[in-house]
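Okay, structure first, notes after.
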Amino acid sequence: MANLVVHFEIHASEPQRLIDFYSELLGWRFTQFGEVPYWTIATGEGAIGNVAGTAGHGINGGLLERRGPRPELGAPVMGSNVVVGVDDVDALMRRGVELGGTEALAASDMQGVGRVGYLLDPDNNVFGLISAVMSDGTTGMGGA
């Protein structure tokens, strides 16, 4: 195994609220794992389905109940951050705010990377959105 990241987890004070948010915003599918307060997250076609992983594919994750208070607005990031590859960063940033999220870092073009923006979900977990296409229609990733 090549030390690939193969799974992510989102902590939720109100699991159903975040299930609704990510289902509506990104089309992710959530399935409760038995009677345990843990939901698997299927992120879409092409994601790996097991922990062995396959290079070049996306990953799936899980959502679980938070064991403590949710992060305060403006608090530093504690832990890791998920960045999701999308087609239209700006449209999803707007939709995320409509669904109860908060803009953490406005969408902007990053030379050599693409268009990037960050949101806080309704439980104040930060996550990023990235697209290879910048605001002027050029491609940022790999100079293609």
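Labels for the structure tokens follow display order: chains A, B, ..., residues from 1 in each chain, ligands from 1.
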
Q) Could you pull the residues within 9 Å of segment 63-77 of chain A, counting only C-alpha atoms, minus those fewer than 6 positions along the same chain, as number ranges by chain? A) A: 8-15, 18-19, 30, 37-41, 104, 120, 123-126

Limited to C-alpha atoms, could you put the picked residues into a file as a tab-separated table (two decimals), in the first residue's frame?
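As written to disk, out-v6.tsv reads:
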```
chain	number	residue	atom	x	y	z
A	8	PHE	CA	-12.40	10.86	5.71
A	9	GLU	CA	-14.79	11.57	8.58
A	10	ILE	CA	-17.02	14.53	9.43
A	11	HIS	CA	-18.05	15.16	13.04
A	12	ALA	CA	-21.60	16.42	13.55
A	13	SER	CA	-23.46	17.82	16.56
A	14	GLU	CA	-26.72	17.18	14.66
A	15	PRO	CA	-25.96	14.37	12.17
A	18	LEU	CA	-25.16	17.68	7.98
A	19	ILE	CA	-26.50	14.65	6.09
A	30	PHE	CA	-25.35	8.50	3.51
A	37	PRO	CA	-24.58	6.55	15.24
A	38	TYR	CA	-22.22	6.39	12.23
A	39	TRP	CA	-23.11	6.91	8.58
A	40	THR	CA	-20.99	5.86	5.61
A	41	ILE	CA	-20.64	8.47	2.89
A	104	ALA	CA	-14.89	30.78	5.26
A	120	LEU	CA	-18.08	26.08	6.88
A	123	ASP	CA	-21.73	22.62	12.26
A	124	ASN	CA	-18.76	24.93	11.46
A	125	ASN	CA	-16.57	22.19	9.93
A	126	VAL	CA	-14.38	23.75	7.24
```

Just the residues within 9 Å of segment 132-134 of chain A, please, counting only C-alpha atoms, with nothing from its chain fewer than 3 positions along; format it as a list in words.
Gly85, Val86, Asp87, Asp88, Ser108, Asp109, Met110, Gln111, Gly112, Val113, Gly114, Arg115, Val116, Gly137, Thr138, Thr139, Gly140, Met141 and Gly142 of chain A

Just the selected residues (all heavy atoms), exported as a compact mmCIF listing (two decimals), in the first residue's frame, please.
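The new file selection_2.txt reads:
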```txt
# COMPACT_ATOMS: atom_id res chain seq x y z
N GLY A 85 -13.14 18.22 -5.28
CA GLY A 85 -13.03 18.64 -6.67
C GLY A 85 -14.42 18.80 -7.27
O GLY A 85 -15.23 17.86 -7.22
N VAL A 86 -14.73 19.97 -7.82
CA VAL A 86 -16.06 20.28 -8.36
C VAL A 86 -15.92 20.95 -9.72
O VAL A 86 -14.83 21.38 -10.11
CB VAL A 86 -16.86 21.17 -7.39
CG1 VAL A 86 -17.04 20.49 -6.04
CG2 VAL A 86 -16.22 22.54 -7.21
N ASP A 87 -17.05 21.08 -10.42
CA ASP A 87 -17.03 21.75 -11.72
C ASP A 87 -17.14 23.27 -11.60
O ASP A 87 -16.54 23.99 -12.38
CB ASP A 87 -18.19 21.25 -12.60
CG ASP A 87 -17.99 19.80 -13.03
OD1 ASP A 87 -16.83 19.38 -13.23
OD2 ASP A 87 -19.01 19.09 -13.16
N ASP A 88 -17.92 23.76 -10.63
CA ASP A 88 -18.18 25.20 -10.52
C ASP A 88 -18.10 25.64 -9.06
O ASP A 88 -19.08 25.55 -8.32
CB ASP A 88 -19.55 25.51 -11.11
CG ASP A 88 -19.85 27.00 -11.22
OD1 ASP A 88 -19.22 27.81 -10.49
OD2 ASP A 88 -20.74 27.36 -12.01
N SER A 108 -11.38 32.18 -5.14
CA SER A 108 -10.39 32.99 -5.85
C SER A 108 -9.56 32.08 -6.74
O SER A 108 -9.51 30.87 -6.55
CB SER A 108 -9.49 33.75 -4.87
OG SER A 108 -8.73 32.84 -4.10
N ASP A 109 -8.93 32.70 -7.73
CA ASP A 109 -8.05 31.96 -8.64
C ASP A 109 -6.67 31.83 -8.02
O ASP A 109 -6.15 32.79 -7.46
CB ASP A 109 -7.93 32.70 -9.98
CG ASP A 109 -9.21 32.67 -10.78
OD1 ASP A 109 -10.05 31.77 -10.56
OD2 ASP A 109 -9.39 33.55 -11.64
N MET A 110 -6.11 30.64 -8.11
CA MET A 110 -4.74 30.40 -7.65
C MET A 110 -3.94 29.96 -8.87
O MET A 110 -4.21 28.88 -9.42
CB MET A 110 -4.71 29.32 -6.56
CG MET A 110 -5.39 29.75 -5.28
SD MET A 110 -5.30 28.49 -3.99
CE MET A 110 -3.54 28.46 -3.68
N GLN A 111 -3.00 30.79 -9.29
CA GLN A 111 -2.18 30.49 -10.46
C GLN A 111 -1.56 29.11 -10.32
O GLN A 111 -1.03 28.76 -9.28
CB GLN A 111 -1.05 31.51 -10.60
CG GLN A 111 -1.20 32.60 -11.62
CD GLN A 111 -2.10 32.37 -12.80
OE1 GLN A 111 -3.24 32.77 -12.76
NE2 GLN A 111 -1.60 31.78 -13.85
N GLY A 112 -1.64 28.32 -11.37
CA GLY A 112 -1.05 26.99 -11.38
C GLY A 112 -1.87 25.94 -10.66
O GLY A 112 -1.51 24.77 -10.64
N VAL A 113 -2.99 26.36 -10.07
CA VAL A 113 -3.83 25.41 -9.33
C VAL A 113 -5.24 25.39 -9.92
O VAL A 113 -5.72 24.38 -10.39
CB VAL A 113 -3.90 25.78 -7.83
CG1 VAL A 113 -4.86 24.87 -7.08
CG2 VAL A 113 -2.51 25.71 -7.21
N GLY A 114 -5.93 26.52 -9.87
CA GLY A 114 -7.31 26.62 -10.32
C GLY A 114 -8.10 27.54 -9.44
O GLY A 114 -7.54 28.44 -8.81
N ARG A 115 -9.39 27.34 -9.35
CA ARG A 115 -10.27 28.17 -8.54
C ARG A 115 -10.56 27.43 -7.24
O ARG A 115 -10.92 26.26 -7.24
CB ARG A 115 -11.57 28.45 -9.29
CG ARG A 115 -12.45 29.47 -8.62
CD ARG A 115 -12.86 30.54 -9.61
NE ARG A 115 -13.73 31.54 -9.00
CZ ARG A 115 -13.32 32.72 -8.58
NH1 ARG A 115 -12.06 33.07 -8.71
NH2 ARG A 115 -14.16 33.57 -8.05
N VAL A 116 -10.41 28.13 -6.11
CA VAL A 116 -10.52 27.51 -4.79
C VAL A 116 -11.35 28.40 -3.87
O VAL A 116 -11.21 29.62 -3.89
CB VAL A 116 -9.12 27.32 -4.16
CG1 VAL A 116 -9.22 26.65 -2.80
CG2 VAL A 116 -8.21 26.53 -5.07
N GLY A 137 -11.86 31.22 -17.36
CA GLY A 137 -12.05 30.07 -18.25
C GLY A 137 -10.81 29.30 -18.58
O GLY A 137 -10.87 28.26 -19.21
N THR A 138 -9.62 29.79 -18.13
CA THR A 138 -8.39 29.06 -18.38
C THR A 138 -8.23 27.94 -17.35
O THR A 138 -8.86 27.96 -16.31
CB THR A 138 -7.15 29.98 -18.32
OG1 THR A 138 -7.08 30.57 -17.02
CG2 THR A 138 -7.24 31.08 -19.37
N THR A 139 -7.38 27.01 -17.67
CA THR A 139 -7.12 25.89 -16.76
C THR A 139 -5.93 26.20 -15.89
O THR A 139 -4.87 26.59 -16.38
CB THR A 139 -6.86 24.59 -17.56
OG1 THR A 139 -8.00 24.35 -18.38
CG2 THR A 139 -6.67 23.42 -16.64
N GLY A 140 -6.08 26.01 -14.58
CA GLY A 140 -5.00 26.30 -13.65
C GLY A 140 -4.10 25.13 -13.37
O GLY A 140 -2.93 25.29 -13.12
N MET A 141 -4.65 23.90 -13.41
CA MET A 141 -3.87 22.73 -13.02
C MET A 141 -3.03 22.21 -14.18
O MET A 141 -3.54 21.95 -15.25
CB MET A 141 -4.79 21.62 -12.52
CG MET A 141 -5.48 21.96 -11.24
SD MET A 141 -6.48 20.57 -10.73
CE MET A 141 -7.25 21.24 -9.29
N GLY A 142 -1.77 22.07 -13.92
CA GLY A 142 -0.86 21.43 -14.88
C GLY A 142 -0.67 22.18 -16.17
O GLY A 142 -0.13 21.65 -17.12
```

Excluding Phe127 of chain A and its own-chain neighbours fewer than 6 positions away, which residues fall within 7 Å of it when counting only C-alpha atoms? Please give them as an mmCIF file with N, CA and C atoms, in the first residue's frame.
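out_21.cif written:
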```
data_model
loop_
_atom_site.group_PDB
_atom_site.id
_atom_site.type_symbol
_atom_site.label_atom_id
_atom_site.label_comp_id
_atom_site.auth_asym_id
_atom_site.auth_seq_id
_atom_site.Cartn_x
_atom_site.Cartn_y
_atom_site.Cartn_z
ATOM 1 N N ASN A 81 -8.530 18.830 6.888
ATOM 2 C CA ASN A 81 -9.510 19.521 6.079
ATOM 3 C C ASN A 81 -9.725 18.727 4.795
ATOM 4 N N VAL A 82 -10.967 18.613 4.349
ATOM 5 C CA VAL A 82 -11.303 17.930 3.105
ATOM 6 C C VAL A 82 -11.465 18.982 2.014
ATOM 7 N N VAL A 83 -10.903 18.737 0.839
ATOM 8 C CA VAL A 83 -11.093 19.601 -0.321
ATOM 9 C C VAL A 83 -11.736 18.745 -1.412
ATOM 10 N N TYR A 118 -13.515 28.122 0.289
ATOM 11 C CA TYR A 118 -13.760 27.315 1.488
ATOM 12 C C TYR A 118 -15.069 27.726 2.143
ATOM 13 N N LEU A 119 -15.817 26.729 2.618
ATOM 14 C CA LEU A 119 -17.062 26.929 3.339
ATOM 15 C C LEU A 119 -16.967 26.296 4.721
ATOM 16 N N LEU A 120 -17.814 26.782 5.626
ATOM 17 C CA LEU A 120 -18.081 26.084 6.877
ATOM 18 C C LEU A 120 -19.445 25.438 6.705
#
```

>> as a PyMOL selection string, please: every residue in chain A that a backbone DSSP assignment puts in strand (DSSP E or B).
In response: chain A and resi 7-12+29-32+38-42+47+58+60-65+82-85+102-110+114-120+126-131+133+139

| said: What's the separation between atom CA of Val36 of chain A and atom CA of Val6 of chain A, in Å to one decimal place? | reply: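 These atoms are spaced 21.4 Å apart.
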
| query | What does the distance between atom CA of Ala42 of chain A and atom CA of Ser135 of chain A come to in Å, to one decimal place? | reply |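 Taking atom CA of Ala42 of chain A and atom CA of Ser135 of chain A, their separation equals 29.1 Å.
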